[in-house]
Each structure stands twice: as C-alpha cells, then as structure tokens.
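The structure under discussion appears below in the form of structure tokens.
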Amino acid sequence: MTEPPGAETARRPPAVLVVDDEADLRELLALTLVRLGLDVDTADSLAQARELLARKRYALALTDMRLPDGVGLDLVRDLAASNGPPVAVITAFGSAENAVAALKAGAFDYLTKPVDLEQLRLLVRSALRQPPENADQRSGPTATGAMARLIGDSAAMRQLRSMIARLAHSMAPVAIFGESGCGKELVARAIHELSARGAAPFVAVNCGAIPEALMEAEFFGYKKGAFTGADRDRDGFFQAAAGGTLFLDEVAELPLPMQVKLLRAIQERRVRKVGATVEEPVDVRILSATHQDLAKLVAGGRFRQDLYYRLNVIELRVPSLRSRADDIVPIARAILQRLAARNDVGPVTLSPAAEAALKNYHFPGNVRELENVLERALALAGSGTLEPIDLMLPVGEVDLLLEPEAPAAAAQASSAGYVLIDGVPSDLVAYLDRTEADAIRAALAKTRNNRTAAAQLLGITFRQLRYRMQRLGLK
C-alpha cells in the first residue's frame, strides 16, 4: 500500500539540537531526550551548531552559555532573528544575570547547572507545545478570549497586542505595569491564552488580599498535620497552576519575608509544602502586575532587588484609558453589548452627546470605571439610547453636554428651579440636586424600594443613600 505524501515526515519525532562542549553533559542530555522519544543531534561548538541548523529543521535547541568559539547568547540571537526554533540556555549555578540576559535576548527558557533532569523534561514538554507563529493574534471579530477584549485601534493598543503576541512564545517572566483598572489581568490572560500553556490553568492571585500568616500555605500548600486545622494535604497556588501560568497581581504588596520564599521558588522551580521535608518541582510561568513603581520600592528597601530582577525580565506597560481617548467609544459599545446580553435587555446605544461626554472625561479608574459607569447607566435606563444624564459622570470632570434649547429639558429645568442658557444650567446646585434625585428615584423603582439594593446599584453605601434622601426630601 502506498503511503500518502508527507506520511513519513508526520511520523518522524521532533528533532532537538544539543550544543555543549562538555562530552559527559552532552551525552546525558541526549540520552534523556531520546528516552522522551525525540530525535537528538549534538554539537560541541557554535560553528557546528550553525552548520546543523542550516541543514535540518529543529523543534528546539538547547545550548550551554559558554562555548569554545563564542557564547550561547550568539545562538539565541541568531535563532530569534531568523524565526528559528525556540532555544533554551544552560547557565552556571548562581548566574542569575546570564539567565536574565538570555531571556531578554529571546531565549524560550533556561536551566541551571547541575541540570535537573525533571526540570529538563518539563522544559522540553513546554517548548514542544509551542503554537505556530502565525496563530491569530488580532483583536476583532476573529479573535477570542482575553485578546478579543483588548479593544482599540490606537497606536498604543496596536503595540500592546503585538508585544503580547511575541511574549506568548516565551517562558520569560513578564512584569505588567499600569494604573488601577487599565486591564493588567486581561493582558496577562491574553499572554497565557496565546501561549502553549493556554489549555492549562491560569491562576490569578491578589497578593494584597492574603493575610501574611497564611501566605506560605496559600502559595506552596501544606501537609496534613502541619498546623492546627490542617486535616488533609492541600495544594497551593503553584501546584494549582501546574503546566500553566501563575499571575501575581499587586505583587508590590508582598511582605519581605514572603518575597524571599517566592524568589527561591522562582529560581529553583521547586516548592516545599508547609510541613513537608522535601521539595517538589513545579512547572509554571510567572506573570506579575502592579500599579506601583517597583524600582522606587527597591530603592526604599520595601522590595527585594533580586526578586525585582527575576520578575522584571521583560517589562510591559498598559496604557491608561485617557491616553487613548479615541478607543473609549468602541470599548463602551462593546461593554454595552456584553452587559445587554448578560442582563437580557434590548439593544442599548449611546447618543452622540453621551459619546462626546465619555471622550471628554478623564477616567481616573480607567476601563474598570468605564464599565461601572455603563453598568449603572444601563441598570437605571433599562434599554434604548443613553444620554449624558444617564451616565452620571462627576460634574467638573467633564463638560456638560446637553442638547441646546431642548424643549423637554428646558421645561424640566424650569420646574426644578433653574433654566438652561445655551444648554448650561443657570443654577448648578439645583441642577445637580434634580439629577441626583432622579437617579435615586430610578434606582428605588428598579429595586422595588429596596434601599440596600438601590445603594449597591448606585455605587454608594446604604448610609450615604439615607443621608442623600434626607437632604433631598425623598421618602
């Protein structure tokens, strides 16, 4: 029976190139990889490695940092420039600077000497799961997941999506910086989903929300009997993220003692459960995020410099919403569409005046604040077309964009004790009181006069609602 073209190629195992001038280590690595069912070639110099790469396609290259005729970084740069296979480097124990330099140059990952064979197996499995370079990385109708929610055609957003696509093909730790509410976790999820780890867990941890006394047990797990109440073995965040990504949000909030333990776990890629006597290997990629300036915290002694260098191998900055005002309306439309579908209401649109109001507001809370504004407006308006008054944006933070000389608005203003002059209220206090009273009435009507629920809907406390109702004379 004649085999179809390409059948032999399809059955051929992935090829790995091992580059090292130490014959014993080269043989050990090759033997381990062969036992994984891989086709292995070896080279003892940079020149021989380049010769083999010119003749054969490899799924992965593994190189020592020090070679007789150059350094492993030269091979990393060669393969990165030519869109070659992923390459991992082997560094001397304690050479953290070399590992960081390799990752920044484009290395997929690194190992330290003496090479831990279990770590080698984990690295190889991770590298060989790499998705094709031309996988869909756009945001738009054809994108899915987190990437589809990174909306906007501004230069800043195009650059951000491009960086996410590049970083997805690496194991390098990424430090994501940006203001609160700008979408740092969404960026981390996009990196994870586009990577070879996309089918594995994504575990997000808010470092500022864990009591210090529980941190070690939460991160690394614990053994039965390790402390009072430990009635069974339990995995921590590292084990829960096995094969996937561990996202450390607000990493600047970690106390210094925990920073030391986290550094060791990242460097050694092993963790010890509380109450355990041995360490266990972990295969996770670390992404972190903060709205604080880590460099300043390092200078002030509040964040360890060695951990900073480990986490900040690659820096990614997420732009604020006000720095890309042209993206606000497309984002708002997408949010409204999602909210309308979730709440099972009819189509909701923004009037031109409402769109202009959003574009002129500076959004200190970024996308999270925009979503809150729209969710509140939708809850009060129900459906239809949202106007500036429905948005309830803080006055003074945005121009009052009212339809000039609108008869209904003028009549309403007159009955409330103010008049509109070219669309601007003559008595701002009366205008604000009327707007606030209308919003409270609408919230109470929607919640059937449940003041606790109405307060939640308006984004204020029950006491604040009670005070405002008393001040406005609302029953």
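Chain labels follow the order of the structure tokens: the first chain is A, the next B, and so on; residue numbering restarts at 1 in every chain, and ligands are counted from 1 in their shown order.
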
May I have all residues of range 59-195 of chain A that DSSP, computed from the backbone, assigns to strand (DSSP E), given as a compact mmCIF listing (two decimals) with C-alpha atoms, in the first residue's frame?
```txt
# COMPACT_ATOMS: atom_id res chain seq x y z
CA LEU A 60 14.07 23.00 19.97
CA ALA A 61 17.68 23.97 20.58
CA LEU A 62 19.42 23.60 23.93
CA THR A 63 22.76 25.38 24.37
CA ASP A 64 25.35 25.98 27.03
CA ARG A 66 29.99 29.07 27.32
CA LEU A 67 31.25 27.54 24.08
CA GLY A 70 31.51 32.02 21.33
CA VAL A 71 28.62 32.20 23.79
CA VAL A 87 16.12 27.91 22.27
CA ALA A 88 16.85 27.29 25.93
CA VAL A 89 20.17 28.03 27.59
CA ILE A 90 22.13 26.24 30.31
CA THR A 91 23.73 28.61 32.81
CA ASP A 109 13.71 29.33 28.89
CA TYR A 110 16.82 28.36 30.84
CA LEU A 111 18.27 25.60 33.02
CA THR A 112 20.96 25.88 35.69
CA VAL A 174 6.77 39.48 32.47
CA ALA A 175 6.12 42.41 34.80
CA ILE A 176 2.97 44.28 33.74
CA PHE A 177 2.72 47.89 34.85
```

Could you pull the residues within 8 Å of range 358-371 of chain A, counting only C-alpha atoms, minus those fewer than 2 positions along the same chain, as a PyMOL selection string? chain A and resi 179-183+320-322+325-326+328-329+332+335+354-356+373-375+393+397-399

CA of Lys261 in chain A and CA of Ala209 in chain A are how many Å apart?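 For CA of Lys261 in chain A relative to CA of Ala209 in chain A, the distance reads 17.9 Å.
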
One number please: CA of Gly301 in chain A to CA of Val251 in chain A, in Å, one decimal.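 Pair CA of Gly301 in chain A / CA of Val251 in chain A returns 14.9 Å.
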
If we count only C-alpha atoms and set the cut-off at 9 Å, which residues sit around Glu193 in chain A, ignoring sequence neighbours fewer than 5 positions away in its own chain? Please answer as a ChimeraX atom specification. /A:145-147,168,188,198-200,202

I'd like the neighbourhood of Arg57 in chain A as a list of chain:residue names, where a residue qualifies if any of its atoms comes within 12 Å (using only C-alpha atoms), though same-chain residues fewer than 5 positions away should be ignored.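 Listed by chain and then number, they are A:Thr9, A:Arg12, A:Pro13, A:Pro14, A:Ala15, A:Val16, A:Leu17, A:Asp39, A:Val40, A:Asp41, A:Arg50, A:Glu51, A:Leu52, A:Leu79, A:Asn83, A:Gly84, A:Pro85, A:Pro86.
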
Write a file of the just-selected residues containing N, CA and C atoms, as an mmCIF file, in the first residue's frame.
```
data_model
loop_
_atom_site.group_PDB
_atom_site.id
_atom_site.type_symbol
_atom_site.label_atom_id
_atom_site.label_comp_id
_atom_site.auth_asym_id
_atom_site.auth_seq_id
_atom_site.Cartn_x
_atom_site.Cartn_y
_atom_site.Cartn_z
ATOM 1 N N THR A 9 7.191 12.018 7.124
ATOM 2 C CA THR A 9 7.536 13.217 7.880
ATOM 3 C C THR A 9 6.638 13.372 9.084
ATOM 4 N N ARG A 12 7.770 11.228 11.912
ATOM 5 C CA ARG A 12 9.110 11.484 12.426
ATOM 6 C C ARG A 12 9.029 12.254 13.744
ATOM 7 N N PRO A 13 9.760 11.830 14.779
ATOM 8 C CA PRO A 13 9.693 12.542 16.060
ATOM 9 C C PRO A 13 10.340 13.929 15.955
ATOM 10 N N PRO A 14 9.952 14.864 16.819
ATOM 11 C CA PRO A 14 10.571 16.191 16.810
ATOM 12 C C PRO A 14 12.073 16.089 17.042
ATOM 13 N N ALA A 15 12.804 16.959 16.352
ATOM 14 C CA ALA A 15 14.265 16.948 16.467
ATOM 15 C C ALA A 15 14.718 18.047 17.420
ATOM 16 N N VAL A 16 15.695 17.709 18.261
ATOM 17 C CA VAL A 16 16.255 18.647 19.234
ATOM 18 C C VAL A 16 17.763 18.713 19.021
ATOM 19 N N LEU A 17 18.300 19.934 19.062
ATOM 20 C CA LEU A 17 19.740 20.140 18.927
ATOM 21 C C LEU A 17 20.318 20.504 20.292
ATOM 22 N N ASP A 39 14.211 12.923 18.454
ATOM 23 C CA ASP A 39 15.365 12.759 17.577
ATOM 24 C C ASP A 39 16.400 13.805 18.001
ATOM 25 N N VAL A 40 17.597 13.381 18.408
ATOM 26 C CA VAL A 40 18.574 14.296 19.012
ATOM 27 C C VAL A 40 19.847 14.349 18.192
ATOM 28 N N ASP A 41 20.310 15.579 17.897
ATOM 29 C CA ASP A 41 21.647 15.809 17.337
ATOM 30 C C ASP A 41 22.437 16.629 18.346
ATOM 31 N N ARG A 50 25.640 25.882 14.036
ATOM 32 C CA ARG A 50 25.129 26.645 12.897
ATOM 33 C C ARG A 50 25.088 25.791 11.633
ATOM 34 N N GLU A 51 26.060 24.926 11.487
ATOM 35 C CA GLU A 51 26.094 24.044 10.315
ATOM 36 C C GLU A 51 24.911 23.078 10.323
ATOM 37 N N LEU A 52 24.604 22.507 11.504
ATOM 38 C CA LEU A 52 23.480 21.585 11.613
ATOM 39 C C LEU A 52 22.154 22.315 11.399
ATOM 40 N N LEU A 79 18.855 32.658 16.228
ATOM 41 C CA LEU A 79 17.578 31.987 16.026
ATOM 42 C C LEU A 79 16.409 32.951 16.196
ATOM 43 N N ASN A 83 13.676 33.684 13.048
ATOM 44 C CA ASN A 83 12.446 32.956 13.371
ATOM 45 C C ASN A 83 12.696 31.454 13.450
ATOM 46 N N GLY A 84 13.828 31.110 14.058
ATOM 47 C CA GLY A 84 14.182 29.710 14.219
ATOM 48 C C GLY A 84 13.430 29.062 15.361
ATOM 49 N N PRO A 85 13.817 27.857 15.733
ATOM 50 C CA PRO A 85 13.124 27.144 16.806
ATOM 51 C C PRO A 85 13.359 27.815 18.153
ATOM 52 N N PRO A 86 12.510 27.542 19.137
ATOM 53 C CA PRO A 86 12.785 28.058 20.479
ATOM 54 C C PRO A 86 14.108 27.511 20.985
#
```

To one decimal place, how far is CA of Ala454 in chain A from CA of Arg338 in chain A in Å?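 Straight-line distance from CA of Ala454 in chain A to CA of Arg338 in chain A works out to 22.2 Å.
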
All helix (DSSP H, G or I) residues (DSSP, backbone) inside range 94-288 of chain A, as number ranges by chain: A: 96-105, 117-127, 145-148, 155-167, 184-194, 207-209, 212-220, 237-240, 251-253, 256-268

Can you tell me which residues surround range 212-217 of chain A at a distance of at most 7 Å, considering only C-alpha atoms, apart from same-chain residues fewer than 4 positions away, and format the answer as a list in words? Gly221, Tyr222, Gly236 and Val274 of chain A

Could you name the residues that touch Asp306 in chain A at 12 Å or less, counting only C-alpha atoms, but leaving out those on the same chain fewer than 6 positions away, as an MDAnalysis selection string? chainID A and resid 94 96:97 100 256 259:264 266:267 294:295 298 312:313
